[in-house]
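Q: Here you go, this is my_file.cif (mmCIF, C-alpha atoms, pLDDT in the B column; chains and numbers go by the auth columns).
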data_data
#
loop_
_atom_site.group_PDB
_atom_site.id
_atom_site.type_symbol
_atom_site.label_atom_id
_atom_site.label_comp_id
_atom_site.label_asym_id
_atom_site.label_seq_id
_atom_site.Cartn_x
_atom_site.Cartn_y
_atom_site.Cartn_z
_atom_site.B_iso_or_equiv
_atom_site.auth_seq_id
_atom_site.auth_asym_id
ATOM 1 C CA MET A 1 -11.453 10.256 -16.130 62.00 1 B
ATOM 2 C CA ARG A 2 -11.773 13.654 -14.482 84.00 2 B
ATOM 3 C CA LYS A 3 -10.034 14.414 -11.196 83.00 3 B
ATOM 4 C CA VAL A 4 -13.260 14.693 -9.187 87.00 4 B
ATOM 5 C CA SER A 5 -14.523 11.341 -10.457 87.00 5 B
ATOM 6 C CA ALA A 6 -11.120 9.786 -9.820 85.00 6 B
ATOM 7 C CA LEU A 7 -11.057 11.143 -6.248 88.00 7 B
ATOM 8 C CA ILE A 8 -14.548 9.799 -5.529 88.00 8 B
ATOM 9 C CA GLY A 9 -13.725 6.411 -7.065 88.00 9 B
ATOM 10 C CA SER A 10 -10.452 6.241 -5.129 88.00 10 B
ATOM 11 C CA ALA A 11 -12.198 7.115 -1.855 89.00 11 B
ATOM 12 C CA ILE A 12 -14.802 4.398 -2.369 90.00 12 B
ATOM 13 C CA PHE A 13 -12.105 1.841 -3.246 89.00 13 B
ATOM 14 C CA LEU A 14 -10.053 2.937 -0.192 90.00 14 B
ATOM 15 C CA VAL A 15 -12.934 2.283 2.186 91.00 15 B
ATOM 16 C CA VAL A 16 -13.942 -1.014 0.590 92.00 16 B
ATOM 17 C CA VAL A 17 -10.612 -2.732 -0.138 94.00 17 B
ATOM 18 C CA PRO A 18 -7.891 -1.459 2.230 93.00 18 B
ATOM 19 C CA GLY A 19 -10.602 -0.746 4.804 94.00 19 B
ATOM 20 C CA THR A 20 -11.550 -4.411 4.728 96.00 20 B
ATOM 21 C CA VAL A 21 -8.039 -5.855 4.394 97.00 21 B
ATOM 22 C CA ALA A 22 -6.320 -3.595 6.955 97.00 22 B
ATOM 23 C CA GLY A 23 -9.236 -2.764 9.256 96.00 23 B
ATOM 24 C CA LEU A 24 -12.125 -5.164 9.243 96.00 24 B
ATOM 25 C CA ALA A 25 -10.187 -8.415 8.728 97.00 25 B
ATOM 26 C CA PRO A 26 -7.691 -7.799 11.584 97.00 26 B
ATOM 27 C CA TRP A 27 -10.633 -6.945 13.817 97.00 27 B
ATOM 28 C CA TRP A 28 -12.392 -10.195 12.825 97.00 28 B
ATOM 29 C CA ILE A 29 -9.229 -12.138 13.618 97.00 29 B
ATOM 30 C CA GLY A 30 -8.401 -10.623 17.000 93.00 30 B
ATOM 31 C CA GLN A 31 -11.374 -8.461 18.004 93.00 31 B
ATOM 32 C CA TRP A 32 -8.718 -5.868 18.921 90.00 32 B
ATOM 33 C CA ARG A 33 -8.184 -7.577 22.274 92.00 33 B
ATOM 34 C CA VAL A 34 -4.924 -6.713 23.997 91.00 34 B
ATOM 35 C CA HIS A 35 -2.679 -9.708 24.796 93.00 35 B
ATOM 36 C CA PRO A 36 0.535 -9.777 26.840 92.00 36 B
ATOM 37 C CA PRO A 37 3.071 -7.775 24.817 91.00 37 B
ATOM 38 C CA PHE A 38 5.442 -9.487 22.392 91.00 38 B
ATOM 39 C CA PHE A 39 8.219 -7.229 23.735 92.00 39 B
ATOM 40 C CA VAL A 40 8.667 -4.010 25.697 92.00 40 B
ATOM 41 C CA PHE A 41 7.112 -1.066 23.856 96.00 41 B
ATOM 42 C CA ALA A 42 5.479 -3.337 21.247 95.00 42 B
ATOM 43 C CA ASP A 43 2.350 -1.211 21.568 95.00 43 B
ATOM 44 C CA ILE A 44 4.251 1.999 20.830 97.00 44 B
ATOM 45 C CA VAL A 45 6.014 0.424 17.848 97.00 45 B
ATOM 46 C CA GLY A 46 2.581 -0.762 16.676 97.00 46 B
ATOM 47 C CA ILE A 47 1.081 2.724 16.865 97.00 47 B
ATOM 48 C CA VAL A 48 4.062 4.152 14.955 98.00 48 B
ATOM 49 C CA LEU A 49 3.708 1.464 12.247 98.00 49 B
ATOM 50 C CA ILE A 50 -0.009 2.178 11.885 98.00 50 B
ATOM 51 C CA ALA A 51 0.648 5.910 11.497 98.00 51 B
ATOM 52 C CA LEU A 52 3.574 5.357 9.125 97.00 52 B
ATOM 53 C CA GLY A 53 1.464 2.958 7.046 97.00 53 B
ATOM 54 C CA LEU A 54 -1.501 5.297 6.752 97.00 54 B
ATOM 55 C CA VAL A 55 0.544 8.202 5.385 97.00 55 B
ATOM 56 C CA PRO A 56 1.758 6.593 2.118 95.00 56 B
ATOM 57 C CA LEU A 57 -1.498 4.693 1.734 95.00 57 B
ATOM 58 C CA LEU A 58 -3.655 7.815 1.825 95.00 58 B
ATOM 59 C CA GLU A 59 -1.199 9.967 -0.141 95.00 59 B
ATOM 60 C CA SER A 60 -0.970 7.316 -2.866 93.00 60 B
ATOM 61 C CA PHE A 61 -4.739 7.096 -3.249 90.00 61 B
ATOM 62 C CA VAL A 62 -4.942 10.862 -3.750 92.00 62 B
ATOM 63 C CA ARG A 63 -1.936 10.775 -6.110 92.00 63 B
ATOM 64 C CA PHE A 64 -3.610 8.089 -8.258 88.00 64 B
ATOM 65 C CA ALA A 65 -6.534 10.442 -8.803 89.00 65 B
ATOM 66 C CA LEU A 66 -4.623 13.695 -9.294 91.00 66 B
ATOM 67 C CA GLU A 67 -1.470 12.507 -11.066 89.00 67 B
ATOM 68 C CA GLY A 68 -2.691 9.298 -12.675 87.00 68 B
ATOM 69 C CA LEU A 69 -6.246 10.438 -13.477 86.00 69 B
ATOM 70 C CA GLY A 70 -7.664 7.141 -12.297 87.00 70 B
ATOM 71 C CA THR A 71 -8.108 4.934 -9.270 88.00 71 B
ATOM 72 C CA PRO A 72 -6.297 1.953 -7.761 87.00 72 B
ATOM 73 C CA ALA A 73 -9.311 -0.166 -8.745 85.00 73 B
ATOM 74 C CA PRO A 74 -8.610 -2.384 -11.758 82.00 74 B
ATOM 75 C CA ILE A 75 -11.920 -1.297 -13.324 83.00 75 B
ATOM 76 C CA ALA A 76 -10.766 2.366 -13.456 85.00 76 B
ATOM 77 C CA PRO A 77 -6.944 2.294 -13.593 85.00 77 B
ATOM 78 C CA PRO A 78 -4.801 5.400 -13.926 88.00 78 B
ATOM 79 C CA GLN A 79 -4.301 6.827 -17.390 90.00 79 B
ATOM 80 C CA GLN A 80 -0.827 8.139 -16.517 91.00 80 B
ATOM 81 C CA LEU A 81 2.009 6.242 -14.824 92.00 81 B
ATOM 82 C CA VAL A 82 2.172 7.417 -11.210 93.00 82 B
ATOM 83 C CA VAL A 83 5.786 8.038 -10.162 93.00 83 B
ATOM 84 C CA GLY A 84 5.536 10.990 -7.741 93.00 84 B
ATOM 85 C CA GLY A 85 5.291 11.194 -3.968 94.00 85 B
ATOM 86 C CA PHE A 86 6.016 7.939 -2.174 96.00 86 B
ATOM 87 C CA TYR A 87 6.368 6.210 -5.539 96.00 87 B
ATOM 88 C CA ARG A 88 9.768 7.917 -5.792 96.00 88 B
ATOM 89 C CA HIS A 89 10.894 5.711 -2.871 97.00 89 B
ATOM 90 C CA VAL A 90 9.075 2.397 -3.336 97.00 90 B
ATOM 91 C CA ARG A 91 7.078 0.910 -6.230 96.00 91 B
ATOM 92 C CA ASN A 92 4.217 -0.296 -4.057 96.00 92 B
ATOM 93 C CA PRO A 93 3.549 2.260 -1.300 97.00 93 B
ATOM 94 C CA MET A 94 -0.115 1.269 -0.995 96.00 94 B
ATOM 95 C CA TYR A 95 0.727 -2.365 -0.344 97.00 95 B
ATOM 96 C CA VAL A 96 3.585 -1.417 1.984 98.00 96 B
ATOM 97 C CA GLY A 97 1.203 0.907 3.837 97.00 97 B
ATOM 98 C CA VAL A 98 -1.494 -1.750 4.208 98.00 98 B
ATOM 99 C CA VAL A 99 0.991 -4.325 5.517 98.00 99 B
ATOM 100 C CA ALA A 100 2.472 -1.746 7.923 98.00 100 B
ATOM 101 C CA VAL A 101 -1.014 -0.989 9.294 98.00 101 B
ATOM 102 C CA ILE A 102 -1.723 -4.693 9.807 98.00 102 B
ATOM 103 C CA LEU A 103 1.696 -5.299 11.400 98.00 103 B
ATOM 104 C CA GLY A 104 1.096 -2.286 13.608 98.00 104 B
ATOM 105 C CA GLN A 105 -2.161 -3.785 14.834 98.00 105 B
ATOM 106 C CA ALA A 106 -0.438 -7.131 15.443 97.00 106 B
ATOM 107 C CA LEU A 107 2.129 -5.364 17.641 97.00 107 B
ATOM 108 C CA LEU A 108 -0.323 -2.990 19.311 97.00 108 B
ATOM 109 C CA PHE A 109 -2.514 -5.881 20.433 97.00 109 B
ATOM 110 C CA SER A 110 0.292 -8.509 20.501 96.00 110 B
ATOM 111 C CA ASP A 111 -1.892 -10.784 18.402 97.00 111 B
ATOM 112 C CA ARG A 112 -0.185 -13.740 16.719 97.00 112 B
ATOM 113 C CA GLY A 113 -3.170 -14.366 14.471 97.00 113 B
ATOM 114 C CA VAL A 114 -2.963 -10.828 13.062 98.00 114 B
ATOM 115 C CA LEU A 115 0.813 -11.233 12.676 97.00 115 B
ATOM 116 C CA ILE A 116 0.289 -14.379 10.599 98.00 116 B
ATOM 117 C CA TYR A 117 -2.428 -12.599 8.635 98.00 117 B
ATOM 118 C CA ALA A 118 0.035 -9.763 7.838 98.00 118 B
ATOM 119 C CA ALA A 119 2.480 -12.294 6.388 98.00 119 B
ATOM 120 C CA ILE A 120 -0.285 -13.893 4.297 98.00 120 B
ATOM 121 C CA VAL A 121 -1.439 -10.479 3.015 98.00 121 B
ATOM 122 C CA TRP A 122 2.117 -9.537 2.044 98.00 122 B
ATOM 123 C CA LEU A 123 2.588 -12.861 0.237 98.00 123 B
ATOM 124 C CA GLY A 124 -0.698 -12.308 -1.619 98.00 124 B
ATOM 125 C CA PHE A 125 0.405 -8.803 -2.617 98.00 125 B
ATOM 126 C CA HIS A 126 3.796 -10.091 -3.727 98.00 126 B
ATOM 127 C CA LEU A 127 2.308 -12.813 -5.929 98.00 127 B
ATOM 128 C CA PHE A 128 -0.256 -10.394 -7.390 96.00 128 B
ATOM 129 C CA VAL A 129 2.461 -7.853 -8.214 97.00 129 B
ATOM 130 C CA LEU A 130 4.644 -10.486 -9.890 97.00 130 B
ATOM 131 C CA ALA A 131 1.915 -12.293 -11.795 97.00 131 B
ATOM 132 C CA TYR A 132 -0.387 -9.448 -12.821 94.00 132 B
ATOM 133 C CA GLU A 133 0.543 -5.904 -11.893 93.00 133 B
ATOM 134 C CA GLU A 134 4.122 -5.621 -13.149 96.00 134 B
ATOM 135 C CA PRO A 135 3.463 -7.340 -16.504 96.00 135 B
ATOM 136 C CA THR A 136 0.323 -5.226 -17.017 94.00 136 B
ATOM 137 C CA LEU A 137 2.077 -1.965 -16.197 94.00 137 B
ATOM 138 C CA SER A 138 5.046 -2.879 -18.383 96.00 138 B
ATOM 139 C CA GLU A 139 2.713 -3.595 -21.293 96.00 139 B
ATOM 140 C CA LYS A 140 0.668 -0.421 -20.766 93.00 140 B
ATOM 141 C CA PHE A 141 3.458 2.081 -20.023 94.00 141 B
ATOM 142 C CA GLY A 142 6.458 0.437 -21.731 95.00 142 B
ATOM 143 C CA ALA A 143 9.840 2.110 -21.342 94.00 143 B
ATOM 144 C CA SER A 144 8.555 4.579 -18.721 93.00 144 B
ATOM 145 C CA TYR A 145 7.525 1.760 -16.404 95.00 145 B
ATOM 146 C CA ASP A 146 10.664 -0.233 -17.164 95.00 146 B
ATOM 147 C CA ALA A 147 12.835 2.762 -16.130 95.00 147 B
ATOM 148 C CA PHE A 148 10.734 3.219 -12.988 96.00 148 B
ATOM 149 C CA ARG A 149 11.030 -0.486 -12.146 96.00 149 B
ATOM 150 C CA ALA A 150 14.799 -0.441 -12.713 95.00 150 B
ATOM 151 C CA ASN A 151 15.291 2.492 -10.321 96.00 151 B
ATOM 152 C CA VAL A 152 12.714 2.062 -7.564 97.00 152 B
ATOM 153 C CA PRO A 153 12.636 -1.017 -5.326 97.00 153 B
ATOM 154 C CA ARG A 154 9.493 -3.129 -5.077 97.00 154 B
ATOM 155 C CA TRP A 155 9.170 -3.423 -1.254 97.00 155 B
ATOM 156 C CA LEU A 156 11.988 -1.779 0.719 95.00 156 B
ATOM 157 C CA PRO A 157 11.983 1.992 0.193 94.00 157 B
ATOM 158 C CA ARG A 158 15.078 3.723 -1.095 94.00 158 B
ATOM 159 C CA LEU A 159 16.236 6.582 1.109 94.00 159 B
ATOM 160 C CA THR A 160 16.803 9.118 -1.653 94.00 160 B
ATOM 161 C CA PRO A 161 13.878 9.789 -3.954 95.00 161 B
ATOM 162 C CA TRP A 162 14.216 8.657 -7.560 95.00 162 B
ATOM 163 C CA ARG A 163 14.103 11.463 -10.078 90.00 163 B
ATOM 164 C CA GLN A 164 12.776 10.594 -13.494 80.00 164 B
ATOM 165 C CA ALA A 165 15.126 11.634 -16.304 72.00 165 B
ATOM 166 C CA SER A 166 13.730 14.549 -18.299 60.00 166 B
#
Go ahead and express the file in the form of structure tokens.
A:
Amino acid sequence: MRKVSALIGSAIFLVVVPGTVAGLAPWWIGQWRVHPPFFVFADIVGIVLIALGLVPLLESFVRFALEGLGTPAPIAPPQQLVVGGFYRHVRNPMYVGVVAVILGQALLFSDRGVLIYAAIVWLGFHLFVLAYEEPTLSEKFGASYDAFRANVPRWLPRLTPWRQAS
């Protein structure tokens, strides 16, 4: 897949999948109505989480196209193992970003329904990663993925970036 095609495919997938999961679904649940705050400054923490979630999410989508020569969509997966950028800190920056955006909305609007939805989304991501994604990547990329998996945590980012051995 060429970089331009990968960028276009990634952009379409970004709007359709994370756009629905992290944007449209939370809106359906809570209509973005503001409730009494969960705690002081919950709205500010929510805004920070949304911003912090969007950064790795967007960077990872671009990285999939430019470094991996593919998209996050299973129908056009990357041809190269993506281990740069936020992937040097956490194995699943897209999923972490999506959950952070949803949690941010839950805090911004103090919406318990969106908070529960965030937990359900994370559980769904976790099960998908365990049952499908990790075995598939291990089979496709072998020792490279196994080294990546051994050095980079699945959900909680490491503070120092992992550097792949040359």
Q: Evaluated on this file, the PyMOL selection byres ((chain B and resi 20-34) around 10) picks out some residues - which ones are they, written as a ChimeraX atom specification?
A: /B:14-19,35-37,43,50,97-103,105-115,117-118,121
Q: Carefully work through the PyMOL selection byres ((chain B and resi 2) around 9) for this structure and note down the residues it includes, as a ChimeraX atom specification.
A: /B:1,3-7,65-66,69-70
Q: Please produce an output containing C-alpha atoms for each residue in the selection, written as a tab-separated table (two decimals), in the coordinates of the input.
A:
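Everything below was put into out.tsv:
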chain	number	residue	atom	x	y	z
B	1	MET	CA	-11.45	10.26	-16.13
B	3	LYS	CA	-10.03	14.41	-11.20
B	4	VAL	CA	-13.26	14.69	-9.19
B	5	SER	CA	-14.52	11.34	-10.46
B	6	ALA	CA	-11.12	9.79	-9.82
B	7	LEU	CA	-11.06	11.14	-6.25
B	65	ALA	CA	-6.53	10.44	-8.80
B	66	LEU	CA	-4.62	13.70	-9.29
B	69	LEU	CA	-6.25	10.44	-13.48
B	70	GLY	CA	-7.66	7.14	-12.30
Q: Show which residues sit within 8 Å of Tyr145 (chain B), as an MDAnalysis selection string. Count all atoms listed in the file, and ignore same-chain residues fewer than 6 positions away.
A: chainID B and resid 81 137:138
Q: From the set B:Val83, B:Ala73, B:Ile120, B:Ile47, which residue has the shortest atom-to-atom contact distance to Gln164 (chain B), counting only C-alpha atoms?
A: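 Closest to Gln164 (chain B), using only C-alpha atoms: B:Val83.
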Q: Using all atoms listed in the file, find the one residue out of B:Phe125, B:Phe86, B:Trp162, B:Phe41 that sits nearest to Gly104 (chain B).
A: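 With all atoms listed in the file as the atom set, the closest residue is B:Phe41.
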Q: Rounded to one decimal in Å, what is the spacing between CA of Ala131 (chain B) and CA of Arg163 (chain B)?
A: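 Answer for the CA of Ala131 (chain B) to CA of Arg163 (chain B) separation: 26.8 Å.
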Q: Which one is closest to Leu159 (chain B): B:Gln80, B:Leu52, B:Tyr87, B:Glu59? Count all atoms listed in the file.
A: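 Among B:Gln80, B:Leu52, B:Tyr87, B:Glu59, it is B:Tyr87 that comes nearest to Leu159 (chain B).
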Q: I'd like to know which of B:His89, B:Leu123, B:Phe64, B:Val129 is closest to Phe148 (chain B), using all atoms listed in the file.
A: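 The answer is B:His89, which sits nearest to Phe148 (chain B).
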Q: For CA of Val90 (chain B) and CA of Ala150 (chain B), quote the distance in Å rounded to one decimal.
A: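 Here the two named atoms are 11.3 Å from each other.
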Q: Taking only C-alpha atoms into account, name the residue in B:Ala11, B:Leu54, B:Ile75, B:Met94 that is nearest to Trp122 (chain B).
A: B:Met94
Q: For Phe61 (chain B), which residue out of B:Ser144, B:Asn151, B:Gln79, B:Ser10 is the nearest one, using only C-alpha atoms?
A: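 Of all the options, B:Ser10 lies closest to Phe61 (chain B).
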Q: Work out how far apart CA of Val48 (chain B) and CA of Ile12 (chain B) are and give it in Å to one decimal.
A: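 That distance, rounded to one decimal, is 25.6 Å.
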